[in-house]
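Raw contents of run_26.cif, mmCIF, N, CA and C atoms:
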data_work
#
loop_
_atom_site.label_atom_id
_atom_site.label_comp_id
_atom_site.auth_asym_id
_atom_site.auth_seq_id
_atom_site.Cartn_x
_atom_site.Cartn_y
_atom_site.Cartn_z
N MET A 1 102.01 102.69 30.56
CA MET A 1 102.79 103.65 29.82
C MET A 1 102.69 105.01 30.52
N LYS A 2 103.82 105.69 30.62
CA LYS A 2 103.85 106.99 31.27
C LYS A 2 103.16 108.03 30.39
N PRO A 3 102.44 108.98 31.00
CA PRO A 3 101.78 110.01 30.19
C PRO A 3 102.82 110.90 29.51
N ALA A 4 102.45 111.38 28.33
CA ALA A 4 103.35 112.25 27.57
C ALA A 4 103.44 113.61 28.24
N LEU A 5 104.63 114.17 28.16
CA LEU A 5 104.81 115.54 28.64
C LEU A 5 104.17 116.49 27.64
N PRO A 6 103.70 117.63 28.08
CA PRO A 6 103.01 118.55 27.16
C PRO A 6 103.96 119.24 26.19
N LYS A 7 103.40 119.65 25.08
CA LYS A 7 104.12 120.45 24.10
C LYS A 7 104.27 121.86 24.67
N VAL A 8 105.42 122.46 24.45
CA VAL A 8 105.63 123.84 24.89
C VAL A 8 106.06 124.69 23.70
N GLU A 9 105.58 125.91 23.67
CA GLU A 9 105.92 126.84 22.59
C GLU A 9 106.22 128.21 23.19
N TYR A 10 107.33 128.78 22.75
CA TYR A 10 107.70 130.12 23.19
C TYR A 10 108.17 130.92 21.99
N GLU A 11 107.74 132.16 21.95
CA GLU A 11 108.17 133.06 20.90
C GLU A 11 108.87 134.25 21.54
N GLY A 12 110.13 134.39 21.25
CA GLY A 12 110.90 135.51 21.76
C GLY A 12 111.01 136.60 20.71
N VAL A 13 111.82 137.58 20.98
CA VAL A 13 112.03 138.68 20.06
C VAL A 13 112.76 138.22 18.81
N HIS A 14 113.77 137.34 19.01
CA HIS A 14 114.62 136.92 17.90
C HIS A 14 114.50 135.44 17.55
N CYS A 15 113.86 134.67 18.39
CA CYS A 15 113.87 133.22 18.21
C CYS A 15 112.54 132.62 18.65
N GLU A 16 112.17 131.52 18.01
CA GLU A 16 111.00 130.74 18.40
C GLU A 16 111.48 129.36 18.83
N LEU A 17 110.80 128.80 19.82
CA LEU A 17 111.16 127.49 20.37
C LEU A 17 109.90 126.66 20.55
N VAL A 18 109.95 125.41 20.09
CA VAL A 18 108.87 124.45 20.31
C VAL A 18 109.52 123.16 20.77
N ILE A 19 108.98 122.57 21.83
CA ILE A 19 109.43 121.24 22.27
C ILE A 19 108.20 120.34 22.28
N GLU A 20 108.29 119.26 21.50
CA GLU A 20 107.21 118.28 21.41
C GLU A 20 107.73 116.93 21.88
N ARG A 21 106.80 116.08 22.30
CA ARG A 21 107.13 114.71 22.69
C ARG A 21 106.26 113.77 21.86
N PRO A 22 106.70 113.41 20.64
CA PRO A 22 105.86 112.60 19.76
C PRO A 22 105.74 111.13 20.17
N ALA A 23 106.57 110.68 21.10
CA ALA A 23 106.50 109.30 21.61
C ALA A 23 107.21 109.27 22.96
N PRO A 24 106.94 108.26 23.78
CA PRO A 24 107.63 108.16 25.07
C PRO A 24 109.14 108.10 24.86
N GLY A 25 109.87 109.01 25.51
CA GLY A 25 111.32 109.01 25.41
C GLY A 25 111.88 109.68 24.17
N VAL A 26 111.01 110.33 23.40
CA VAL A 26 111.45 111.07 22.21
C VAL A 26 111.06 112.53 22.38
N ALA A 27 112.06 113.40 22.31
CA ALA A 27 111.81 114.85 22.40
C ALA A 27 112.27 115.50 21.11
N LEU A 28 111.42 116.35 20.56
CA LEU A 28 111.73 117.10 19.35
C LEU A 28 111.73 118.58 19.70
N MET A 29 112.89 119.22 19.53
CA MET A 29 113.01 120.65 19.77
C MET A 29 113.20 121.33 18.42
N VAL A 30 112.32 122.29 18.13
CA VAL A 30 112.39 123.05 16.88
C VAL A 30 112.72 124.49 17.22
N LEU A 31 113.76 125.00 16.58
CA LEU A 31 114.19 126.38 16.78
C LEU A 31 114.13 127.13 15.45
N ARG A 32 113.74 128.40 15.53
CA ARG A 32 113.72 129.26 14.35
C ARG A 32 114.24 130.63 14.74
N GLY A 33 115.05 131.25 13.85
CA GLY A 33 115.53 132.60 14.10
C GLY A 33 116.97 132.64 14.56
N THR A 34 117.28 133.60 15.39
CA THR A 34 118.62 133.80 15.92
C THR A 34 118.60 133.49 17.41
N ASP A 35 119.35 132.46 17.80
CA ASP A 35 119.36 132.04 19.20
C ASP A 35 120.46 132.80 19.94
N ALA A 36 120.05 133.88 20.59
CA ALA A 36 120.99 134.71 21.35
C ALA A 36 120.87 134.47 22.85
N GLY A 37 120.14 133.43 23.23
CA GLY A 37 120.01 133.08 24.64
C GLY A 37 118.84 133.71 25.35
N GLU A 38 117.87 134.23 24.61
CA GLU A 38 116.76 134.92 25.25
C GLU A 38 115.86 133.99 26.06
N PHE A 39 115.97 132.67 25.84
CA PHE A 39 115.17 131.73 26.63
C PHE A 39 115.89 131.28 27.89
N GLY A 40 117.14 131.72 28.07
CA GLY A 40 117.91 131.32 29.24
C GLY A 40 118.07 129.81 29.29
N ASP A 41 117.91 129.24 30.47
CA ASP A 41 118.06 127.79 30.60
C ASP A 41 116.72 127.05 30.50
N PHE A 42 115.67 127.77 30.07
CA PHE A 42 114.35 127.13 29.97
C PHE A 42 114.37 125.85 29.14
N PRO A 43 114.96 125.85 27.91
CA PRO A 43 114.93 124.60 27.13
C PRO A 43 115.59 123.43 27.87
N MET A 44 116.67 123.70 28.57
CA MET A 44 117.36 122.65 29.31
C MET A 44 116.53 122.14 30.48
N ARG A 45 115.88 123.07 31.19
CA ARG A 45 115.00 122.65 32.29
C ARG A 45 113.83 121.84 31.77
N GLU A 46 113.30 122.24 30.63
CA GLU A 46 112.18 121.50 30.03
C GLU A 46 112.61 120.10 29.60
N LEU A 47 113.76 119.99 28.96
CA LEU A 47 114.26 118.67 28.54
C LEU A 47 114.69 117.81 29.72
N ALA A 48 115.05 118.44 30.83
CA ALA A 48 115.39 117.69 32.04
C ALA A 48 114.19 116.87 32.52
N LYS A 49 112.98 117.32 32.21
CA LYS A 49 111.77 116.56 32.56
C LYS A 49 111.75 115.23 31.83
N ASP A 50 112.19 115.22 30.56
CA ASP A 50 112.27 113.98 29.79
C ASP A 50 113.32 113.05 30.39
N LEU A 51 114.47 113.62 30.78
CA LEU A 51 115.54 112.83 31.38
C LEU A 51 115.10 112.23 32.71
N ALA A 52 114.25 112.93 33.44
CA ALA A 52 113.75 112.43 34.73
C ALA A 52 112.71 111.33 34.53
N GLN A 53 112.01 111.36 33.42
CA GLN A 53 110.91 110.41 33.21
C GLN A 53 111.34 109.13 32.51
N PHE A 54 112.41 109.18 31.70
CA PHE A 54 112.81 108.02 30.91
C PHE A 54 114.29 107.70 31.14
N PRO A 55 114.63 106.41 31.14
CA PRO A 55 116.04 106.06 31.37
C PRO A 55 116.97 106.56 30.27
N LEU A 56 116.51 106.54 29.04
CA LEU A 56 117.25 107.07 27.90
C LEU A 56 116.31 107.89 27.03
N VAL A 57 116.82 108.97 26.48
CA VAL A 57 116.01 109.86 25.66
C VAL A 57 116.63 110.00 24.28
N ASP A 58 115.79 109.99 23.26
CA ASP A 58 116.19 110.33 21.90
C ASP A 58 115.82 111.79 21.70
N LEU A 59 116.82 112.64 21.53
CA LEU A 59 116.60 114.07 21.35
C LEU A 59 116.83 114.44 19.90
N PHE A 60 115.84 115.08 19.30
CA PHE A 60 115.93 115.56 17.93
C PHE A 60 115.85 117.08 17.97
N ILE A 61 116.81 117.73 17.32
CA ILE A 61 116.88 119.19 17.28
C ILE A 61 116.77 119.63 15.83
N ASP A 62 115.67 120.27 15.51
CA ASP A 62 115.45 120.78 14.16
C ASP A 62 115.86 122.25 14.15
N ALA A 63 117.07 122.50 13.64
CA ALA A 63 117.62 123.85 13.59
C ALA A 63 117.76 124.34 12.16
N ARG A 64 116.96 123.77 11.26
CA ARG A 64 117.07 124.14 9.84
C ARG A 64 116.73 125.61 9.60
N ALA A 65 115.94 126.21 10.48
CA ALA A 65 115.55 127.62 10.29
C ALA A 65 116.28 128.55 11.27
N VAL A 66 117.38 128.08 11.82
CA VAL A 66 118.17 128.94 12.71
C VAL A 66 119.20 129.67 11.86
N ARG A 67 119.21 130.99 11.99
CA ARG A 67 120.17 131.79 11.24
C ARG A 67 121.53 131.81 11.91
N SER A 68 121.53 131.94 13.24
CA SER A 68 122.79 131.92 13.98
C SER A 68 122.49 131.63 15.44
N ALA A 69 123.57 131.30 16.16
CA ALA A 69 123.49 131.05 17.60
C ALA A 69 124.72 131.68 18.23
N SER A 70 124.54 132.30 19.37
CA SER A 70 125.67 132.95 20.02
C SER A 70 126.65 131.91 20.56
N VAL A 71 127.88 132.33 20.74
CA VAL A 71 128.90 131.46 21.30
C VAL A 71 128.49 131.04 22.71
N GLN A 72 127.91 131.96 23.47
CA GLN A 72 127.48 131.64 24.83
C GLN A 72 126.42 130.55 24.83
N VAL A 73 125.44 130.65 23.93
CA VAL A 73 124.38 129.63 23.85
C VAL A 73 124.98 128.28 23.50
N SER A 74 125.87 128.25 22.52
CA SER A 74 126.51 126.99 22.12
C SER A 74 127.30 126.38 23.27
N ALA A 75 128.02 127.22 24.01
CA ALA A 75 128.80 126.72 25.15
C ALA A 75 127.89 126.17 26.25
N GLU A 76 126.77 126.83 26.51
CA GLU A 76 125.84 126.35 27.53
C GLU A 76 125.25 125.00 27.14
N TRP A 77 124.88 124.85 25.87
CA TRP A 77 124.35 123.56 25.39
C TRP A 77 125.43 122.48 25.49
N ALA A 78 126.65 122.81 25.13
CA ALA A 78 127.74 121.83 25.19
C ALA A 78 127.95 121.35 26.63
N LEU A 79 127.95 122.27 27.59
CA LEU A 79 128.12 121.90 29.00
C LEU A 79 126.96 121.05 29.49
N TRP A 80 125.74 121.44 29.13
CA TRP A 80 124.56 120.69 29.58
C TRP A 80 124.54 119.28 28.98
N MET A 81 124.82 119.19 27.68
CA MET A 81 124.83 117.87 27.04
C MET A 81 125.95 116.99 27.59
N ARG A 82 127.08 117.59 27.88
CA ARG A 82 128.18 116.83 28.46
C ARG A 82 127.79 116.28 29.82
N ALA A 83 127.13 117.08 30.62
CA ALA A 83 126.72 116.65 31.96
C ALA A 83 125.68 115.53 31.91
N HIS A 84 124.91 115.45 30.83
CA HIS A 84 123.83 114.46 30.72
C HIS A 84 124.06 113.45 29.61
N ARG A 85 125.26 113.36 29.08
CA ARG A 85 125.52 112.55 27.89
C ARG A 85 125.15 111.08 28.05
N THR A 86 125.24 110.54 29.26
CA THR A 86 124.90 109.13 29.45
C THR A 86 123.40 108.88 29.41
N ARG A 87 122.61 109.93 29.44
CA ARG A 87 121.15 109.81 29.47
C ARG A 87 120.52 109.85 28.08
N PHE A 88 121.34 110.09 27.06
CA PHE A 88 120.82 110.17 25.69
C PHE A 88 121.13 108.90 24.93
N ASN A 89 120.10 108.32 24.37
CA ASN A 89 120.27 107.21 23.45
C ASN A 89 120.91 107.75 22.17
N GLN A 90 120.39 108.88 21.72
CA GLN A 90 120.94 109.56 20.55
C GLN A 90 120.47 111.01 20.56
N ILE A 91 121.27 111.84 19.92
CA ILE A 91 120.89 113.22 19.65
C ILE A 91 121.08 113.42 18.16
N CYS A 92 120.02 113.83 17.50
CA CYS A 92 120.07 114.08 16.06
C CYS A 92 119.75 115.54 15.82
N MET A 93 120.60 116.21 15.06
CA MET A 93 120.40 117.64 14.82
C MET A 93 120.44 117.94 13.34
N LEU A 94 119.40 118.62 12.89
CA LEU A 94 119.31 119.06 11.50
C LEU A 94 119.74 120.51 11.43
N THR A 95 120.77 120.78 10.65
CA THR A 95 121.27 122.14 10.50
C THR A 95 120.87 122.69 9.14
N GLY A 96 120.68 124.00 9.09
CA GLY A 96 120.27 124.62 7.85
C GLY A 96 121.33 125.50 7.22
N SER A 97 122.44 125.70 7.93
CA SER A 97 123.52 126.53 7.39
C SER A 97 124.86 125.94 7.80
N ARG A 98 125.87 126.32 7.09
CA ARG A 98 127.22 125.85 7.41
C ARG A 98 127.64 126.34 8.80
N TYR A 99 127.27 127.56 9.15
CA TYR A 99 127.62 128.12 10.45
C TYR A 99 127.04 127.27 11.58
N ILE A 100 125.79 126.92 11.48
CA ILE A 100 125.14 126.11 12.53
C ILE A 100 125.74 124.71 12.54
N GLN A 101 126.10 124.19 11.39
CA GLN A 101 126.73 122.87 11.33
C GLN A 101 128.07 122.88 12.07
N VAL A 102 128.88 123.90 11.85
CA VAL A 102 130.18 124.01 12.54
C VAL A 102 129.96 124.16 14.05
N THR A 103 129.00 124.97 14.43
CA THR A 103 128.69 125.17 15.84
C THR A 103 128.23 123.86 16.48
N ALA A 104 127.36 123.13 15.79
CA ALA A 104 126.87 121.85 16.31
C ALA A 104 128.00 120.83 16.44
N ASP A 105 128.92 120.84 15.50
CA ASP A 105 130.06 119.94 15.58
C ASP A 105 130.92 120.25 16.81
N PHE A 106 131.09 121.55 17.13
CA PHE A 106 131.80 121.93 18.36
C PHE A 106 131.08 121.36 19.57
N VAL A 107 129.76 121.51 19.62
CA VAL A 107 128.98 121.00 20.76
C VAL A 107 129.17 119.49 20.87
N ARG A 108 129.10 118.80 19.75
CA ARG A 108 129.25 117.34 19.74
C ARG A 108 130.61 116.92 20.30
N ARG A 109 131.66 117.60 19.84
CA ARG A 109 133.01 117.24 20.30
C ARG A 109 133.21 117.56 21.77
N PHE A 110 132.82 118.76 22.19
CA PHE A 110 133.03 119.18 23.57
C PHE A 110 132.22 118.33 24.54
N SER A 111 131.02 117.98 24.17
CA SER A 111 130.15 117.22 25.07
C SER A 111 130.48 115.73 25.08
N GLU A 112 131.46 115.34 24.27
CA GLU A 112 131.89 113.94 24.18
C GLU A 112 130.75 113.02 23.76
N LEU A 113 129.97 113.48 22.80
CA LEU A 113 128.84 112.72 22.27
C LEU A 113 129.12 112.22 20.84
N MET A 114 130.37 112.08 20.51
CA MET A 114 130.76 111.78 19.13
C MET A 114 129.93 110.64 18.52
N ASP A 115 129.81 109.53 19.23
CA ASP A 115 129.10 108.38 18.67
C ASP A 115 127.58 108.47 18.80
N ARG A 116 127.09 109.32 19.68
CA ARG A 116 125.65 109.40 19.90
C ARG A 116 124.99 110.63 19.30
N MET A 117 125.78 111.58 18.83
CA MET A 117 125.20 112.79 18.25
C MET A 117 125.45 112.79 16.75
N LYS A 118 124.36 112.81 16.00
CA LYS A 118 124.45 112.80 14.54
C LYS A 118 124.00 114.15 14.00
N LEU A 119 124.76 114.66 13.05
CA LEU A 119 124.41 115.92 12.41
C LEU A 119 123.89 115.64 11.01
N PHE A 120 122.79 116.31 10.68
CA PHE A 120 122.15 116.13 9.38
C PHE A 120 122.08 117.46 8.64
N THR A 121 122.27 117.40 7.34
CA THR A 121 122.08 118.56 6.49
C THR A 121 120.91 118.35 5.54
N GLU A 122 120.41 117.13 5.47
CA GLU A 122 119.28 116.78 4.61
C GLU A 122 118.06 116.47 5.48
N SER A 123 116.98 117.20 5.24
CA SER A 123 115.78 117.03 6.07
C SER A 123 115.17 115.64 5.93
N GLU A 124 115.28 115.02 4.76
CA GLU A 124 114.68 113.69 4.57
C GLU A 124 115.32 112.66 5.49
N ALA A 125 116.64 112.70 5.62
CA ALA A 125 117.33 111.74 6.49
C ALA A 125 117.00 112.01 7.96
N PHE A 126 116.96 113.28 8.35
CA PHE A 126 116.59 113.64 9.72
C PHE A 126 115.18 113.17 10.03
N ASP A 127 114.23 113.46 9.14
CA ASP A 127 112.84 113.08 9.34
C ASP A 127 112.68 111.56 9.41
N ALA A 128 113.45 110.83 8.60
CA ALA A 128 113.38 109.36 8.62
C ALA A 128 113.89 108.82 9.95
N ASN A 129 114.96 109.39 10.48
CA ASN A 129 115.46 108.96 11.79
C ASN A 129 114.46 109.27 12.89
N LEU A 130 113.84 110.44 12.82
CA LEU A 130 112.83 110.81 13.81
C LEU A 130 111.65 109.84 13.74
N GLU A 131 111.17 109.56 12.57
CA GLU A 131 110.05 108.63 12.42
C GLU A 131 110.40 107.24 12.93
N ALA A 132 111.61 106.76 12.65
CA ALA A 132 112.03 105.44 13.13
C ALA A 132 112.08 105.40 14.65
N ALA A 133 112.56 106.47 15.28
CA ALA A 133 112.61 106.53 16.74
C ALA A 133 111.21 106.53 17.33
N ILE A 134 110.29 107.28 16.71
CA ILE A 134 108.91 107.34 17.18
C ILE A 134 108.26 105.96 17.11
N VAL A 135 108.39 105.29 15.98
CA VAL A 135 107.79 103.96 15.81
C VAL A 135 108.38 102.98 16.82
N TYR A 136 109.70 103.00 16.96
CA TYR A 136 110.36 102.08 17.89
C TYR A 136 109.88 102.32 19.32
N ARG A 137 109.87 103.58 19.75
CA ARG A 137 109.47 103.89 21.13
C ARG A 137 108.00 103.58 21.38
N ARG A 138 107.15 103.88 20.41
CA ARG A 138 105.71 103.55 20.60
C ARG A 138 105.51 102.05 20.68
N ASN A 139 106.19 101.29 19.84
CA ASN A 139 106.07 99.83 19.88
C ASN A 139 106.63 99.28 21.19
N SER A 140 107.74 99.82 21.65
CA SER A 140 108.33 99.37 22.91
C SER A 140 107.39 99.68 24.09
N ALA A 141 106.77 100.85 24.07
CA ALA A 141 105.86 101.23 25.14
C ALA A 141 104.62 100.34 25.12
N ALA A 142 104.15 99.99 23.92
CA ALA A 142 102.96 99.16 23.82
C ALA A 142 103.21 97.74 24.35
N THR A 143 104.41 97.21 24.13
CA THR A 143 104.71 95.85 24.59
C THR A 143 104.97 95.78 26.08
N THR A 144 105.35 96.93 26.69
CA THR A 144 105.59 96.92 28.14
C THR A 144 104.40 97.41 28.93
N ALA A 145 103.35 97.84 28.24
CA ALA A 145 102.16 98.35 28.93
C ALA A 145 101.31 97.24 29.50
#
Could I get this structure in the form of structure tokens?
Amino acid sequence: MKPALPKVEYEGVHCELVIERPAPGVALMVLRGTDAGEFGDFPMRELAKDLAQFPLVDLFIDARAVRSASVQVSAEWALWMRAHRTRFNQICMLTGSRYIQVTADFVRRFSELMDRMKLFTESEAFDANLEAAIVYRRNSAATTA
């Protein structure tokens, strides 16, 4: 089994970012605050490590505590996800506001991830999907080890 990538945490002026890897091939990104792009392309470079290590990645984005995201940030994510869309098994995003939900839907449509990107407004459903992915990936890793 491949070693897990380390957890990363960054706190900016307006936004906080945490990326965890709870199981092989599962990345959880948690954002809080206002995402105005102060992290630049760091989150994408960090997630590229997961794409390099695993054939398919389950990406979970917990944005329930995001107040807003700039149009530029949303466009950059849409372009990055579109460029890597074949590398994602699924992308699940939990939104906490109608604004973030609309923005996420734009990203989903533009990146052509319609069938692989799921948007959640209920934390219980998001958490259940995350837990199922973790269990599945850990069991798969254990049988191939």
- Item | Output of the PyMOL selection byres ((chain A and resi 87) around 6.5), listed as a PyMOL selection string | chain A and resi 55-57+84-86+88-90
- Using all atoms listed in the file, which residues sit within 8 Å of A:Arg21 once same-chain residues fewer than 6 positions away are excluded, as a list in words? Ala4, Leu5, Pro6, Lys7, Val8, Ala27, Leu28 and Met29 of chain A
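What separates atom N of A:Asp58 from atom C of A:Trp80 is a distance of 14.0 Å.
With all atoms listed in the file as the basis for measurement, A:Thr95 is the residue among A:Thr95, A:Thr143, A:Thr34, A:Gln101 that approaches A:Phe120 most closely.
All residues of protein, DNA or RNA that reach within 5 Å of stretch 14-16 of chain A, judged by all atoms listed in the file and not counting those fewer than 3 positions away in the chain, are Tyr10, Glu11, Leu31, Arg32, Gly33 and Thr34 of chain A.
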- Message: What would the selection look like, as an MDAnalysis selection string, if the PyMOL selection byres (((chain A and resi 69 and name CA) around 9) and name CA) were run on the coordinates I just shared?
- Response: chainID A and resid 33:37 66:68 70:74 99:100 103
- Query: Separation of atom CA of A:Phe60 and atom N of A:Met93, in Å?
  - Reply: 5.5 Å
Take the PyMOL selection byres ((chain A and resi 94) around 7), run it mentally on this structure, and tell me the resulting residues as a PDB file with N, CA and C atoms, in the frame of the given file.
ATOM      1  N   PHE A  60     115.840 115.080  19.300  1.00  0.00           N
ATOM      2  CA  PHE A  60     115.930 115.560  17.930  1.00  0.00           C
ATOM      3  C   PHE A  60     115.850 117.080  17.970  1.00  0.00           C
ATOM      4  N   ILE A  61     116.810 117.730  17.320  1.00  0.00           N
ATOM      5  CA  ILE A  61     116.880 119.190  17.280  1.00  0.00           C
ATOM      6  C   ILE A  61     116.770 119.630  15.830  1.00  0.00           C
ATOM      7  N   ASP A  62     115.670 120.270  15.510  1.00  0.00           N
ATOM      8  CA  ASP A  62     115.450 120.780  14.160  1.00  0.00           C
ATOM      9  C   ASP A  62     115.860 122.250  14.150  1.00  0.00           C
ATOM     10  N   ALA A  63     117.070 122.500  13.640  1.00  0.00           N
ATOM     11  CA  ALA A  63     117.620 123.850  13.590  1.00  0.00           C
ATOM     12  C   ALA A  63     117.760 124.340  12.160  1.00  0.00           C
ATOM     13  N   ARG A  64     116.960 123.770  11.260  1.00  0.00           N
ATOM     14  CA  ARG A  64     117.070 124.140   9.840  1.00  0.00           C
ATOM     15  C   ARG A  64     116.730 125.610   9.600  1.00  0.00           C
ATOM     16  N   ALA A  65     115.940 126.210  10.480  1.00  0.00           N
ATOM     17  CA  ALA A  65     115.550 127.620  10.290  1.00  0.00           C
ATOM     18  C   ALA A  65     116.280 128.550  11.270  1.00  0.00           C
ATOM     19  N   CYS A  92     120.020 113.830  17.500  1.00  0.00           N
ATOM     20  CA  CYS A  92     120.070 114.080  16.060  1.00  0.00           C
ATOM     21  C   CYS A  92     119.750 115.540  15.820  1.00  0.00           C
ATOM     22  N   MET A  93     120.600 116.210  15.060  1.00  0.00           N
ATOM     23  CA  MET A  93     120.400 117.640  14.820  1.00  0.00           C
ATOM     24  C   MET A  93     120.440 117.940  13.340  1.00  0.00           C
ATOM     25  N   THR A  95     120.770 120.780  10.650  1.00  0.00           N
ATOM     26  CA  THR A  95     121.270 122.140  10.500  1.00  0.00           C
ATOM     27  C   THR A  95     120.870 122.690   9.140  1.00  0.00           C
ATOM     28  N   GLY A  96     120.680 124.000   9.090  1.00  0.00           N
ATOM     29  CA  GLY A  96     120.270 124.620   7.850  1.00  0.00           C
ATOM     30  C   GLY A  96     121.330 125.500   7.220  1.00  0.00           C
ATOM     31  N   SER A  97     122.440 125.700   7.930  1.00  0.00           N
ATOM     32  CA  SER A  97     123.520 126.530   7.390  1.00  0.00           C
ATOM     33  C   SER A  97     124.860 125.940   7.800  1.00  0.00           C
ATOM     34  N   LYS A 118     124.360 112.810  16.000  1.00  0.00           N
ATOM     35  CA  LYS A 118     124.450 112.800  14.540  1.00  0.00           C
ATOM     36  C   LYS A 118     124.000 114.150  14.000  1.00  0.00           C
ATOM     37  N   LEU A 119     124.760 114.660  13.050  1.00  0.00           N
ATOM     38  CA  LEU A 119     124.410 115.920  12.410  1.00  0.00           C
ATOM     39  C   LEU A 119     123.890 115.640  11.010  1.00  0.00           C
ATOM     40  N   PHE A 120     122.790 116.310  10.680  1.00  0.00           N
ATOM     41  CA  PHE A 120     122.150 116.130   9.380  1.00  0.00           C
ATOM     42  C   PHE A 120     122.080 117.460   8.640  1.00  0.00           C
ATOM     43  N   THR A 121     122.270 117.400   7.340  1.00  0.00           N
ATOM     44  CA  THR A 121     122.080 118.560   6.490  1.00  0.00           C
ATOM     45  C   THR A 121     120.910 118.350   5.540  1.00  0.00           C
ATOM     46  N   GLU A 122     120.410 117.130   5.470  1.00  0.00           N
ATOM     47  CA  GLU A 122     119.280 116.780   4.610  1.00  0.00           C
ATOM     48  C   GLU A 122     118.060 116.470   5.480  1.00  0.00           C
ATOM     49  N   SER A 123     116.980 117.200   5.240  1.00  0.00           N
ATOM     50  CA  SER A 123     115.780 117.030   6.070  1.00  0.00           C
ATOM     51  C   SER A 123     115.170 115.640   5.930  1.00  0.00           C
ATOM     52  N   PHE A 126     116.960 113.280   8.350  1.00  0.00           N
ATOM     53  CA  PHE A 126     116.590 113.640   9.720  1.00  0.00           C
ATOM     54  C   PHE A 126     115.180 113.170  10.030  1.00  0.00           C
TER      55      PHE A 126
END
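Across the model, the gap from atom CA of A:Phe106 to atom CA of A:Gln53 is 28.1 Å.
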- Query: Where does DSSP see helix (DSSP H, G or I) in chain A, if you list the residues as a PyMOL selection string?
  - Reply: chain A and resi 42-53+71-83+85-87+98-110+123-144
- Option closest in space to A:Phe110, from A:Leu59, A:Leu79, A:Ala128, A:Ile134 [counting only C-alpha atoms]: A:Leu79
- Task: Determine which residues of stretch 18-144 of chain A DSSP labels as strand (DSSP E or B) from the backbone of this structure, then write them out as an MDAnalysis selection string.
- Result: chainID A and resid 18:23 26:35 57:69 88:95 117:120
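Nearest to A:Gly25 of all the residues A:Leu113, A:Ala141, A:Val107, A:Met44 is A:Ala141, based on only C-alpha atoms.
The smallest atom-to-atom distance between A:Ala83 and any of A:Glu20, A:Asp41, A:Asp127, A:Glu112, using all atoms listed in the file, is found for A:Glu112.
For the set A:Pro24, A:Glu124, A:Arg116, A:Ala142, the residue with the smallest atom-to-atom gap to A:Phe54 is A:Pro24, counting only N, CA and C atoms.
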Set up a box along x, y and z of the file covering all listed atoms of stretch 68-75 of chain A, add 5 Å on every one of the six sides, and write the centre and edge lengths in Å to one decimal, as lines of an AutoDock Vina configuration file.
center_x = 125.2
center_y = 129.6
center_z = 19.7
size_x = 17.4
size_y = 16.8
size_z = 23.0
